[in-house]
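To start, the structure under review is shown below, and the notes come after it.
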Amino acid sequence: MRGGPSVLGIVLAGGEGKRLMPLTADRAKPAVTFGGMYRLVDFVLSNLVNGDILRICVLTQYKSHSLDRHVTTTWRMSSLLGNYVTPVPAQQRLGPRWFSGSADAILQSLNLVHDEQPDYIAVFGADHVYRMDPRQMLNQHIESGAGVTVAGIRVPRAEASSFGIITPAKDRSRVERFLEKPTDPPGLPGSPNEVFASMGNYLFTTKTLVDALQKDAEDPGSKHDMGGSILPMLTDRGVAQLYDFDDNHVPGETGRDHGYWRDVGTLDAYYEAHMDLISDHPAFNLYNRRWPIYTHSGQLPPAKFVAGGIAGESIVSPGCVISGQVTGSVLSPGVVVEAGAVVQGSVLHDNVRVGRGAVVRGAVLDKNVDVPPGATIGVNPERDQELYTVSKAGVIALGKGQRVE
């Protein structure tokens, strides 16, 4: 950001993602495939880079190999201009211990801040699907003089227990209270059935963040978490401001996908977000060229449809070969659907093979799953419950390379 304020991006990408098992059995949650060709981490990195935040550290911890590899091979910035996106693994800089929370992860990585000496720090989560121009949030933060600005989105009050909840003051800008996953929070004035949920995106004035992290580290009773510890502390000091995500506009957006944001932390949410992609007028538009989502999926040939193979209302990635019937599904690179096979309402990751005459319905199949000829998934619910992971809403999930009976 030449000529403007100096901003360091810190992406928190160290979560285990237990609720997304078995997709996270062999990888960190931000490395999970989404939308056929992308990784979840690509969405936050694309937003930051499109918004001219070009020096970014991705803090990793659990099962980070595929995430580290994706970031280092895909996200190559101009070293001539001093820009970079770099994975930063847990380094035990403050003693023989791993990160004990998201705040502790940043505390143990403050060498990055001291080296860069930014005016502001953008701390963003790594596992949400959305478009956002962070410059607009930064401008509000600077104008307000706040110590921290937290991005909030309106959600139904009934879903409050899944999020950090922001209670705005009467001026609708200062944060009056920050509650981590409350069961019965107050509704918004004029809209009692809604609350502001934290999106996990924060903009800090550097000194405010460093001071808060150091004070939090001295508290033995703290969870050392950004939402559970740092934000309540700064709210109590009166230096926290709310940024309403509905005020954010990106080039090329439509009325339908404006304000779209999804936490895909569960199988059901992950599946539903994929179904958002495949309609004629999708709730989230991957095809907005004015605010692109960047990734790299290798050098693959175009998708091919042979032997009467067809696909409708679906996303089909490069390298796929379709001889069967695919409807309402998202296929990652290298998927093969053989003759007579049927794939309906499913998400198939890289190199999945669906054998001749097999049926796959309402399922998420991770990388390298081989469905034998004539096998069925999503046809016999009782059998699926015995053999596979099944979500509350009935989505069937198979892990990486899992054997199909």
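Just so we're on the same page: first chain in the structure tokens is A, next is B, and so on; residues restart at 1 for each chain, and ligands are numbered from 1 in the order they show up.
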Handout entry: Close residues, range 237-250 of chain A itself excluded, 10 Å, only C-alpha atoms, min 5 positions apart in chain, as an NGL selection string
Key = :A and (47 or 50-51 or 131-138 or 140-141 or 144-154 or 166-169 or 172-178 or 196-199 or 201-204 or 208 or 231-232 or 258-261 or 288 or 290-291)
So which residues touch range 388-404 of chain A within 9 Å, counting only C-alpha atoms, skipping near sequence neighbours fewer than 3 positions away, as a PDB file with all heavy atoms, in the first residue's frame?
```pdb
ATOM      1  N   MET A  21     -14.930 -33.112  10.314  1.00  0.00           N
ATOM      2  CA  MET A  21     -14.443 -34.477  10.065  1.00  0.00           C
ATOM      3  C   MET A  21     -15.468 -35.218   9.204  1.00  0.00           C
ATOM      4  O   MET A  21     -16.665 -34.981   9.313  1.00  0.00           O
ATOM      5  CB  MET A  21     -14.246 -35.210  11.391  1.00  0.00           C
ATOM      6  CG  MET A  21     -13.112 -34.658  12.226  1.00  0.00           C
ATOM      7  SD  MET A  21     -11.493 -35.120  11.578  1.00  0.00           S
ATOM      8  CE  MET A  21     -11.394 -36.811  12.127  1.00  0.00           C
ATOM      9  N   PRO A  22     -15.000 -36.140   8.335  1.00  0.00           N
ATOM     10  CA  PRO A  22     -13.630 -36.633   8.138  1.00  0.00           C
ATOM     11  C   PRO A  22     -12.790 -35.826   7.148  1.00  0.00           C
ATOM     12  O   PRO A  22     -11.673 -36.226   6.821  1.00  0.00           O
ATOM     13  CB  PRO A  22     -13.879 -38.043   7.595  1.00  0.00           C
ATOM     14  CG  PRO A  22     -15.123 -37.895   6.774  1.00  0.00           C
ATOM     15  CD  PRO A  22     -15.986 -36.915   7.533  1.00  0.00           C
ATOM     16  N   LEU A  23     -13.302 -34.692   6.671  1.00  0.00           N
ATOM     17  CA  LEU A  23     -12.551 -33.908   5.690  1.00  0.00           C
ATOM     18  C   LEU A  23     -11.287 -33.310   6.285  1.00  0.00           C
ATOM     19  O   LEU A  23     -10.349 -32.971   5.554  1.00  0.00           O
ATOM     20  CB  LEU A  23     -13.428 -32.786   5.122  1.00  0.00           C
ATOM     21  CG  LEU A  23     -14.756 -33.208   4.479  1.00  0.00           C
ATOM     22  CD1 LEU A  23     -15.477 -31.995   3.909  1.00  0.00           C
ATOM     23  CD2 LEU A  23     -14.547 -34.273   3.409  1.00  0.00           C
ATOM     24  N   THR A  24     -11.247 -33.173   7.607  1.00  0.00           N
ATOM     25  CA  THR A  24     -10.074 -32.621   8.279  1.00  0.00           C
ATOM     26  C   THR A  24      -9.245 -33.693   8.985  1.00  0.00           C
ATOM     27  O   THR A  24      -8.387 -33.369   9.795  1.00  0.00           O
ATOM     28  CB  THR A  24     -10.506 -31.553   9.300  1.00  0.00           C
ATOM     29  OG1 THR A  24     -11.544 -32.088  10.136  1.00  0.00           O
ATOM     30  CG2 THR A  24     -11.032 -30.312   8.593  1.00  0.00           C
ATOM     31  N   ALA A  25      -9.492 -34.939   8.655  1.00  0.00           N
ATOM     32  CA  ALA A  25      -8.724 -36.014   9.293  1.00  0.00           C
ATOM     33  C   ALA A  25      -7.263 -35.984   8.872  1.00  0.00           C
ATOM     34  O   ALA A  25      -6.377 -36.406   9.622  1.00  0.00           O
ATOM     35  CB  ALA A  25      -9.337 -37.371   8.942  1.00  0.00           C
ATOM     36  N   ASP A  26      -6.997 -35.466   7.668  1.00  0.00           N
ATOM     37  CA  ASP A  26      -5.635 -35.521   7.139  1.00  0.00           C
ATOM     38  C   ASP A  26      -5.107 -34.154   6.742  1.00  0.00           C
ATOM     39  O   ASP A  26      -4.058 -34.052   6.121  1.00  0.00           O
ATOM     40  CB  ASP A  26      -5.601 -36.458   5.924  1.00  0.00           C
ATOM     41  CG  ASP A  26      -4.195 -36.860   5.535  1.00  0.00           C
ATOM     42  OD1 ASP A  26      -3.424 -37.269   6.428  1.00  0.00           O
ATOM     43  OD2 ASP A  26      -3.846 -36.760   4.335  1.00  0.00           O
ATOM     44  N   THR A 266     -19.178 -26.941   9.667  1.00  0.00           N
ATOM     45  CA  THR A 266     -19.816 -28.246   9.849  1.00  0.00           C
ATOM     46  C   THR A 266     -20.073 -28.863   8.486  1.00  0.00           C
ATOM     47  O   THR A 266     -20.100 -28.173   7.458  1.00  0.00           O
ATOM     48  CB  THR A 266     -21.146 -28.133  10.602  1.00  0.00           C
ATOM     49  OG1 THR A 266     -22.094 -27.417   9.781  1.00  0.00           O
ATOM     50  CG2 THR A 266     -20.969 -27.404  11.929  1.00  0.00           C
ATOM     51  N   LEU A 267     -20.300 -30.168   8.457  1.00  0.00           N
ATOM     52  CA  LEU A 267     -20.582 -30.838   7.187  1.00  0.00           C
ATOM     53  C   LEU A 267     -21.824 -30.264   6.519  1.00  0.00           C
ATOM     54  O   LEU A 267     -21.858 -30.070   5.301  1.00  0.00           O
ATOM     55  CB  LEU A 267     -20.753 -32.337   7.416  1.00  0.00           C
ATOM     56  CG  LEU A 267     -19.477 -33.155   7.614  1.00  0.00           C
ATOM     57  CD1 LEU A 267     -19.824 -34.598   7.957  1.00  0.00           C
ATOM     58  CD2 LEU A 267     -18.603 -33.104   6.362  1.00  0.00           C
ATOM     59  N   ASP A 268     -22.859 -30.002   7.332  1.00  0.00           N
ATOM     60  CA  ASP A 268     -24.094 -29.478   6.747  1.00  0.00           C
ATOM     61  C   ASP A 268     -23.877 -28.098   6.145  1.00  0.00           C
ATOM     62  O   ASP A 268     -24.344 -27.801   5.039  1.00  0.00           O
ATOM     63  CB  ASP A 268     -25.200 -29.440   7.800  1.00  0.00           C
ATOM     64  CG  ASP A 268     -25.697 -30.827   8.173  1.00  0.00           C
ATOM     65  OD1 ASP A 268     -25.630 -31.723   7.315  1.00  0.00           O
ATOM     66  OD2 ASP A 268     -26.141 -31.021   9.320  1.00  0.00           O
ATOM     67  N   TYR A 271     -21.799 -28.439   2.957  1.00  0.00           N
ATOM     68  CA  TYR A 271     -22.612 -28.970   1.857  1.00  0.00           C
ATOM     69  C   TYR A 271     -23.560 -27.893   1.324  1.00  0.00           C
ATOM     70  O   TYR A 271     -23.669 -27.682   0.107  1.00  0.00           O
ATOM     71  CB  TYR A 271     -23.390 -30.183   2.350  1.00  0.00           C
ATOM     72  CG  TYR A 271     -24.304 -30.800   1.311  1.00  0.00           C
ATOM     73  CD1 TYR A 271     -23.807 -31.703   0.375  1.00  0.00           C
ATOM     74  CD2 TYR A 271     -25.655 -30.482   1.267  1.00  0.00           C
ATOM     75  CE1 TYR A 271     -24.642 -32.274  -0.585  1.00  0.00           C
ATOM     76  CE2 TYR A 271     -26.496 -31.038   0.320  1.00  0.00           C
ATOM     77  CZ  TYR A 271     -25.988 -31.925  -0.603  1.00  0.00           C
ATOM     78  OH  TYR A 271     -26.815 -32.483  -1.551  1.00  0.00           O
ATOM     79  N   SER A 346     -24.156 -33.990  -4.949  1.00  0.00           N
ATOM     80  CA  SER A 346     -22.965 -34.428  -4.217  1.00  0.00           C
ATOM     81  C   SER A 346     -21.776 -33.519  -4.500  1.00  0.00           C
ATOM     82  O   SER A 346     -21.771 -32.736  -5.457  1.00  0.00           O
ATOM     83  CB  SER A 346     -22.617 -35.873  -4.590  1.00  0.00           C
ATOM     84  OG  SER A 346     -23.634 -36.764  -4.156  1.00  0.00           O
ATOM     85  N   HIS A 349     -14.395 -34.584  -4.432  1.00  0.00           N
ATOM     86  CA  HIS A 349     -13.085 -33.945  -4.417  1.00  0.00           C
ATOM     87  C   HIS A 349     -12.156 -34.585  -5.450  1.00  0.00           C
ATOM     88  O   HIS A 349     -12.544 -35.507  -6.171  1.00  0.00           O
ATOM     89  CB  HIS A 349     -12.484 -34.027  -3.020  1.00  0.00           C
ATOM     90  CG  HIS A 349     -13.168 -33.136  -2.026  1.00  0.00           C
ATOM     91  ND1 HIS A 349     -12.623 -32.825  -0.803  1.00  0.00           N
ATOM     92  CD2 HIS A 349     -14.356 -32.467  -2.065  1.00  0.00           C
ATOM     93  CE1 HIS A 349     -13.432 -32.016  -0.133  1.00  0.00           C
ATOM     94  NE2 HIS A 349     -14.489 -31.795  -0.881  1.00  0.00           N
ATOM     95  N   VAL A 352     -11.702 -38.452  -7.431  1.00  0.00           N
ATOM     96  CA  VAL A 352     -12.719 -39.448  -7.068  1.00  0.00           C
ATOM     97  C   VAL A 352     -13.124 -40.194  -8.332  1.00  0.00           C
ATOM     98  O   VAL A 352     -13.263 -39.604  -9.408  1.00  0.00           O
ATOM     99  CB  VAL A 352     -13.945 -38.771  -6.425  1.00  0.00           C
ATOM    100  CG1 VAL A 352     -15.133 -39.746  -6.344  1.00  0.00           C
ATOM    101  CG2 VAL A 352     -13.602 -38.261  -5.037  1.00  0.00           C
ATOM    102  N   ARG A 361     -25.510 -40.205  -3.953  1.00  0.00           N
ATOM    103  CA  ARG A 361     -26.517 -39.165  -3.729  1.00  0.00           C
ATOM    104  C   ARG A 361     -26.283 -38.477  -2.387  1.00  0.00           C
ATOM    105  O   ARG A 361     -26.052 -39.144  -1.372  1.00  0.00           O
ATOM    106  CB  ARG A 361     -27.930 -39.768  -3.728  1.00  0.00           C
ATOM    107  CG  ARG A 361     -28.398 -40.289  -5.065  1.00  0.00           C
ATOM    108  CD  ARG A 361     -29.767 -40.919  -4.953  1.00  0.00           C
ATOM    109  NE  ARG A 361     -30.235 -41.439  -6.236  1.00  0.00           N
ATOM    110  CZ  ARG A 361     -31.120 -42.430  -6.355  1.00  0.00           C
ATOM    111  NH1 ARG A 361     -31.644 -42.996  -5.274  1.00  0.00           N
ATOM    112  NH2 ARG A 361     -31.484 -42.828  -7.561  1.00  0.00           N
ATOM    113  N   GLY A 362     -26.342 -37.138  -2.372  1.00  0.00           N
ATOM    114  CA  GLY A 362     -26.274 -36.379  -1.128  1.00  0.00           C
ATOM    115  C   GLY A 362     -25.023 -36.653  -0.325  1.00  0.00           C
ATOM    116  O   GLY A 362     -25.081 -36.737   0.901  1.00  0.00           O
ATOM    117  N   ALA A 363     -23.864 -36.740  -1.003  1.00  0.00           N
ATOM    118  CA  ALA A 363     -22.634 -37.140  -0.323  1.00  0.00           C
ATOM    119  C   ALA A 363     -21.503 -36.164  -0.597  1.00  0.00           C
ATOM    120  O   ALA A 363     -21.502 -35.425  -1.593  1.00  0.00           O
ATOM    121  CB  ALA A 363     -22.223 -38.542  -0.777  1.00  0.00           C
ATOM    122  N   VAL A 364     -20.526 -36.167   0.304  1.00  0.00           N
ATOM    123  CA  VAL A 364     -19.261 -35.462   0.114  1.00  0.00           C
ATOM    124  C   VAL A 364     -18.165 -36.522   0.153  1.00  0.00           C
ATOM    125  O   VAL A 364     -17.961 -37.175   1.185  1.00  0.00           O
ATOM    126  CB  VAL A 364     -19.024 -34.409   1.209  1.00  0.00           C
ATOM    127  CG1 VAL A 364     -17.669 -33.729   1.006  1.00  0.00           C
ATOM    128  CG2 VAL A 364     -20.135 -33.377   1.230  1.00  0.00           C
ATOM    129  N   LEU A 365     -17.495 -36.704  -0.974  1.00  0.00           N
ATOM    130  CA  LEU A 365     -16.439 -37.707  -1.069  1.00  0.00           C
ATOM    131  C   LEU A 365     -15.097 -36.995  -1.182  1.00  0.00           C
ATOM    132  O   LEU A 365     -14.872 -36.218  -2.113  1.00  0.00           O
ATOM    133  CB  LEU A 365     -16.646 -38.612  -2.287  1.00  0.00           C
ATOM    134  CG  LEU A 365     -18.022 -39.281  -2.437  1.00  0.00           C
ATOM    135  CD1 LEU A 365     -18.009 -40.264  -3.598  1.00  0.00           C
ATOM    136  CD2 LEU A 365     -18.439 -39.976  -1.150  1.00  0.00           C
ATOM    137  N   ASP A 366     -14.224 -37.256  -0.245  1.00  0.00           N
ATOM    138  CA  ASP A 366     -12.926 -36.603  -0.232  1.00  0.00           C
ATOM    139  C   ASP A 366     -12.011 -37.204  -1.299  1.00  0.00           C
ATOM    140  O   ASP A 366     -12.347 -38.182  -1.977  1.00  0.00           O
ATOM    141  CB  ASP A 366     -12.304 -36.725   1.165  1.00  0.00           C
ATOM    142  CG  ASP A 366     -11.299 -35.628   1.463  1.00  0.00           C
ATOM    143  OD1 ASP A 366     -10.874 -34.928   0.525  1.00  0.00           O
ATOM    144  OD2 ASP A 366     -10.922 -35.465   2.648  1.00  0.00           O
ATOM    145  N   LYS A 367     -10.845 -36.648  -1.394  1.00  0.00           N
ATOM    146  CA  LYS A 367      -9.865 -36.981  -2.424  1.00  0.00           C
ATOM    147  C   LYS A 367      -9.590 -38.486  -2.510  1.00  0.00           C
ATOM    148  O   LYS A 367      -9.482 -39.183  -1.495  1.00  0.00           O
ATOM    149  CB  LYS A 367      -8.570 -36.234  -2.096  1.00  0.00           C
ATOM    150  CG  LYS A 367      -7.474 -36.328  -3.113  1.00  0.00           C
ATOM    151  CD  LYS A 367      -6.306 -35.460  -2.668  1.00  0.00           C
ATOM    152  CE  LYS A 367      -5.167 -35.499  -3.671  1.00  0.00           C
ATOM    153  NZ  LYS A 367      -4.033 -34.648  -3.223  1.00  0.00           N
ATOM    154  N   ASN A 368      -9.511 -38.984  -3.752  1.00  0.00           N
ATOM    155  CA  ASN A 368      -9.070 -40.357  -4.045  1.00  0.00           C
ATOM    156  C   ASN A 368     -10.025 -41.446  -3.573  1.00  0.00           C
ATOM    157  O   ASN A 368      -9.634 -42.610  -3.481  1.00  0.00           O
ATOM    158  CB  ASN A 368      -7.680 -40.628  -3.452  1.00  0.00           C
ATOM    159  CG  ASN A 368      -6.610 -39.733  -4.044  1.00  0.00           C
ATOM    160  OD1 ASN A 368      -6.712 -39.320  -5.203  1.00  0.00           O
ATOM    161  ND2 ASN A 368      -5.596 -39.411  -3.255  1.00  0.00           N
ATOM    162  N   VAL A 369     -11.277 -41.105  -3.290  1.00  0.00           N
ATOM    163  CA  VAL A 369     -12.255 -42.146  -2.969  1.00  0.00           C
ATOM    164  C   VAL A 369     -12.633 -42.867  -4.262  1.00  0.00           C
ATOM    165  O   VAL A 369     -12.918 -42.238  -5.283  1.00  0.00           O
ATOM    166  CB  VAL A 369     -13.510 -41.555  -2.297  1.00  0.00           C
ATOM    167  CG1 VAL A 369     -14.627 -42.598  -2.204  1.00  0.00           C
ATOM    168  CG2 VAL A 369     -13.169 -41.029  -0.913  1.00  0.00           C
ATOM    169  N   ASP A 370     -12.643 -44.198  -4.204  1.00  0.00           N
ATOM    170  CA  ASP A 370     -12.980 -45.028  -5.368  1.00  0.00           C
ATOM    171  C   ASP A 370     -14.281 -45.765  -5.071  1.00  0.00           C
ATOM    172  O   ASP A 370     -14.322 -46.631  -4.188  1.00  0.00           O
ATOM    173  CB  ASP A 370     -11.847 -46.018  -5.633  1.00  0.00           C
ATOM    174  CG  ASP A 370     -11.987 -46.738  -6.970  1.00  0.00           C
ATOM    175  OD1 ASP A 370     -13.119 -46.779  -7.500  1.00  0.00           O
ATOM    176  OD2 ASP A 370     -10.981 -47.253  -7.481  1.00  0.00           O
ATOM    177  N   VAL A 371     -15.346 -45.399  -5.775  1.00  0.00           N
ATOM    178  CA  VAL A 371     -16.637 -46.056  -5.604  1.00  0.00           C
ATOM    179  C   VAL A 371     -16.701 -47.208  -6.603  1.00  0.00           C
ATOM    180  O   VAL A 371     -16.738 -46.970  -7.822  1.00  0.00           O
ATOM    181  CB  VAL A 371     -17.802 -45.072  -5.836  1.00  0.00           C
ATOM    182  CG1 VAL A 371     -19.142 -45.769  -5.591  1.00  0.00           C
ATOM    183  CG2 VAL A 371     -17.661 -43.848  -4.932  1.00  0.00           C
ATOM    184  N   PRO A 372     -16.713 -48.462  -6.150  1.00  0.00           N
ATOM    185  CA  PRO A 372     -16.666 -49.599  -7.069  1.00  0.00           C
ATOM    186  C   PRO A 372     -17.904 -49.678  -7.957  1.00  0.00           C
ATOM    187  O   PRO A 372     -18.961 -49.130  -7.640  1.00  0.00           O
ATOM    188  CB  PRO A 372     -16.608 -50.808  -6.116  1.00  0.00           C
ATOM    189  CG  PRO A 372     -16.180 -50.264  -4.805  1.00  0.00           C
ATOM    190  CD  PRO A 372     -16.717 -48.883  -4.738  1.00  0.00           C
ATOM    191  N   ALA A 375     -21.767 -50.023  -6.695  1.00  0.00           N
ATOM    192  CA  ALA A 375     -21.915 -49.639  -5.283  1.00  0.00           C
ATOM    193  C   ALA A 375     -22.899 -48.472  -5.162  1.00  0.00           C
ATOM    194  O   ALA A 375     -23.139 -47.740  -6.123  1.00  0.00           O
ATOM    195  CB  ALA A 375     -20.567 -49.263  -4.686  1.00  0.00           C
ATOM    196  N   THR A 376     -23.465 -48.315  -3.960  1.00  0.00           N
ATOM    197  CA  THR A 376     -24.403 -47.217  -3.726  1.00  0.00           C
ATOM    198  C   THR A 376     -24.034 -46.456  -2.449  1.00  0.00           C
ATOM    199  O   THR A 376     -23.648 -47.056  -1.451  1.00  0.00           O
ATOM    200  CB  THR A 376     -25.853 -47.718  -3.602  1.00  0.00           C
ATOM    201  OG1 THR A 376     -25.964 -48.580  -2.457  1.00  0.00           O
ATOM    202  CG2 THR A 376     -26.290 -48.458  -4.852  1.00  0.00           C
ATOM    203  N   ILE A 377     -24.167 -45.148  -2.529  1.00  0.00           N
ATOM    204  CA  ILE A 377     -24.022 -44.263  -1.375  1.00  0.00           C
ATOM    205  C   ILE A 377     -25.204 -43.302  -1.414  1.00  0.00           C
ATOM    206  O   ILE A 377     -25.463 -42.675  -2.445  1.00  0.00           O
ATOM    207  CB  ILE A 377     -22.704 -43.473  -1.436  1.00  0.00           C
ATOM    208  CG1 ILE A 377     -21.500 -44.413  -1.393  1.00  0.00           C
ATOM    209  CG2 ILE A 377     -22.616 -42.472  -0.289  1.00  0.00           C
ATOM    210  CD1 ILE A 377     -20.171 -43.715  -1.638  1.00  0.00           C
ATOM    211  N   GLY A 378     -25.938 -43.202  -0.310  1.00  0.00           N
ATOM    212  CA  GLY A 378     -27.090 -42.325  -0.274  1.00  0.00           C
ATOM    213  C   GLY A 378     -28.373 -42.978  -0.734  1.00  0.00           C
ATOM    214  O   GLY A 378     -29.377 -42.295  -0.953  1.00  0.00           O
ATOM    215  N   PRO A 381     -30.201 -45.521   3.822  1.00  0.00           N
ATOM    216  CA  PRO A 381     -29.773 -44.716   4.977  1.00  0.00           C
ATOM    217  C   PRO A 381     -29.229 -45.543   6.131  1.00  0.00           C
ATOM    218  O   PRO A 381     -28.246 -45.140   6.767  1.00  0.00           O
ATOM    219  CB  PRO A 381     -31.050 -43.974   5.381  1.00  0.00           C
ATOM    220  CG  PRO A 381     -31.877 -43.937   4.135  1.00  0.00           C
ATOM    221  CD  PRO A 381     -31.587 -45.223   3.423  1.00  0.00           C
ATOM    222  N   ARG A 383     -27.741 -48.474   6.107  1.00  0.00           N
ATOM    223  CA  ARG A 383     -26.414 -48.990   5.753  1.00  0.00           C
ATOM    224  C   ARG A 383     -25.375 -47.872   5.770  1.00  0.00           C
ATOM    225  O   ARG A 383     -24.249 -48.064   6.253  1.00  0.00           O
ATOM    226  CB  ARG A 383     -26.478 -49.636   4.373  1.00  0.00           C
ATOM    227  CG  ARG A 383     -25.168 -50.282   3.911  1.00  0.00           C
ATOM    228  CD  ARG A 383     -25.394 -51.057   2.618  1.00  0.00           C
ATOM    229  NE  ARG A 383     -24.184 -51.710   2.177  1.00  0.00           N
ATOM    230  CZ  ARG A 383     -23.263 -51.138   1.390  1.00  0.00           C
ATOM    231  NH1 ARG A 383     -23.438 -49.881   0.983  1.00  0.00           N
ATOM    232  NH2 ARG A 383     -22.186 -51.799   1.016  1.00  0.00           N
ATOM    233  N   ASP A 384     -25.747 -46.694   5.256  1.00  0.00           N
ATOM    234  CA  ASP A 384     -24.821 -45.562   5.267  1.00  0.00           C
ATOM    235  C   ASP A 384     -24.427 -45.180   6.694  1.00  0.00           C
ATOM    236  O   ASP A 384     -23.265 -44.857   6.966  1.00  0.00           O
ATOM    237  CB  ASP A 384     -25.457 -44.356   4.568  1.00  0.00           C
ATOM    238  CG  ASP A 384     -25.637 -44.574   3.067  1.00  0.00           C
ATOM    239  OD1 ASP A 384     -24.864 -45.363   2.495  1.00  0.00           O
ATOM    240  OD2 ASP A 384     -26.557 -43.969   2.493  1.00  0.00           O
ATOM    241  N   GLN A 385     -25.389 -45.195   7.616  1.00  0.00           N
ATOM    242  CA  GLN A 385     -25.113 -44.875   9.021  1.00  0.00           C
ATOM    243  C   GLN A 385     -24.090 -45.831   9.605  1.00  0.00           C
ATOM    244  O   GLN A 385     -23.242 -45.451  10.416  1.00  0.00           O
ATOM    245  CB  GLN A 385     -26.403 -44.925   9.840  1.00  0.00           C
ATOM    246  CG  GLN A 385     -27.354 -43.764   9.609  1.00  0.00           C
ATOM    247  CD  GLN A 385     -26.973 -42.533  10.400  1.00  0.00           C
ATOM    248  OE1 GLN A 385     -25.990 -42.526  11.135  1.00  0.00           O
ATOM    249  NE2 GLN A 385     -27.760 -41.464  10.255  1.00  0.00           N
TER     250      GLN A 385
END
```
Practice task
Quick one: everything within 8 Å of range 211-222 of chain A, counting only C-alpha atoms, minus sequence neighbours fewer than 3 positions away in the same chain. Send it as number ranges by chain.
Solution key: A: 103-104, 106-107, 207-208, 225, 229-230, 233-234
Problem - Residues within 7 Å of range 37-41 of chain A, only C-alpha atoms, excluding chain neighbours under 5 positions, as a PyMOL selection string - result: chain A and resi 30-32+126-128+295+297+317+332-333
Can I get the selection written as a PDB file, in the first residue's frame, with N, CA and C atoms?
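Writing the result to out_16.pdb gives the following:
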```pdb
ATOM      1  N   PRO A  30      -8.434 -24.936   6.837  1.00  0.00           N
ATOM      2  CA  PRO A  30      -8.317 -23.987   5.726  1.00  0.00           C
ATOM      3  C   PRO A  30      -7.812 -24.611   4.427  1.00  0.00           C
ATOM      4  N   ALA A  31      -7.286 -25.838   4.494  1.00  0.00           N
ATOM      5  CA  ALA A  31      -6.801 -26.518   3.291  1.00  0.00           C
ATOM      6  C   ALA A  31      -7.875 -27.372   2.632  1.00  0.00           C
ATOM      7  N   VAL A  32      -9.061 -27.442   3.219  1.00  0.00           N
ATOM      8  CA  VAL A  32     -10.139 -28.256   2.645  1.00  0.00           C
ATOM      9  C   VAL A  32     -10.569 -27.658   1.312  1.00  0.00           C
ATOM     10  N   ALA A 126      -9.474 -17.927   8.469  1.00  0.00           N
ATOM     11  CA  ALA A 126      -9.060 -18.566   7.209  1.00  0.00           C
ATOM     12  C   ALA A 126     -10.072 -19.536   6.642  1.00  0.00           C
ATOM     13  N   ASP A 127     -11.252 -19.641   7.229  1.00  0.00           N
ATOM     14  CA  ASP A 127     -12.116 -20.746   6.805  1.00  0.00           C
ATOM     15  C   ASP A 127     -13.556 -20.328   6.555  1.00  0.00           C
ATOM     16  N   HIS A 128     -13.737 -19.106   5.989  1.00  0.00           N
ATOM     17  CA  HIS A 128     -15.069 -18.640   5.636  1.00  0.00           C
ATOM     18  C   HIS A 128     -15.138 -18.369   4.142  1.00  0.00           C
ATOM     19  N   THR A 295      -6.462 -19.110  -7.200  1.00  0.00           N
ATOM     20  CA  THR A 295      -6.008 -20.430  -6.757  1.00  0.00           C
ATOM     21  C   THR A 295      -5.104 -21.002  -7.839  1.00  0.00           C
ATOM     22  N   SER A 297      -4.606 -25.067  -9.497  1.00  0.00           N
ATOM     23  CA  SER A 297      -4.983 -26.487  -9.373  1.00  0.00           C
ATOM     24  C   SER A 297      -4.188 -27.379 -10.306  1.00  0.00           C
ATOM     25  N   SER A 317     -14.904 -29.462 -12.981  1.00  0.00           N
ATOM     26  CA  SER A 317     -13.565 -28.884 -13.048  1.00  0.00           C
ATOM     27  C   SER A 317     -12.729 -29.517 -14.156  1.00  0.00           C
ATOM     28  N   SER A 332     -14.485 -31.729  -8.404  1.00  0.00           N
ATOM     29  CA  SER A 332     -13.129 -31.195  -8.402  1.00  0.00           C
ATOM     30  C   SER A 332     -12.318 -31.808  -9.538  1.00  0.00           C
ATOM     31  N   PRO A 333     -11.102 -31.315  -9.772  1.00  0.00           N
ATOM     32  CA  PRO A 333     -10.302 -31.826 -10.882  1.00  0.00           C
ATOM     33  C   PRO A 333     -10.054 -33.333 -10.815  1.00  0.00           C
TER      34      PRO A 333
END
```
Exercise for the section: Please identify all polymer residues within 10 Å of range 14-18 of chain A, counting only C-alpha atoms, omitting same-chain residues fewer than 2 positions from it, and present them as an MDAnalysis selection string. Expected result: chainID A and resid 11:12 20:25 27:30 32 58:64 67 88:90 99 101:102 105 125:127 264:266
Handout entry: Residues near Gly334 in chain A, cut-off 9 Å, only C-alpha atoms, skip fewer than 2 positions along chain, as a list of chain:residue names
Key =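 Skipping anything fewer than 2 positions along the chain leaves A:Leu300, A:Ala303, A:Ser317, A:Pro318, A:Gly319, A:Cys320, A:Val321, A:Leu331, A:Ser332, A:Val336, A:His349, A:Asp350, A:Asn351, A:Val352, A:Arg353.
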Exercise for the section: Run DSSP on the backbone and grab whatever in range 268-333 of chain A lands in helix (DSSP H, G or I); send it over as a list in words. Expected result: Asp268, Ala269, Tyr270, Tyr271, Glu272, Ala273, His274 and Met275 of chain A
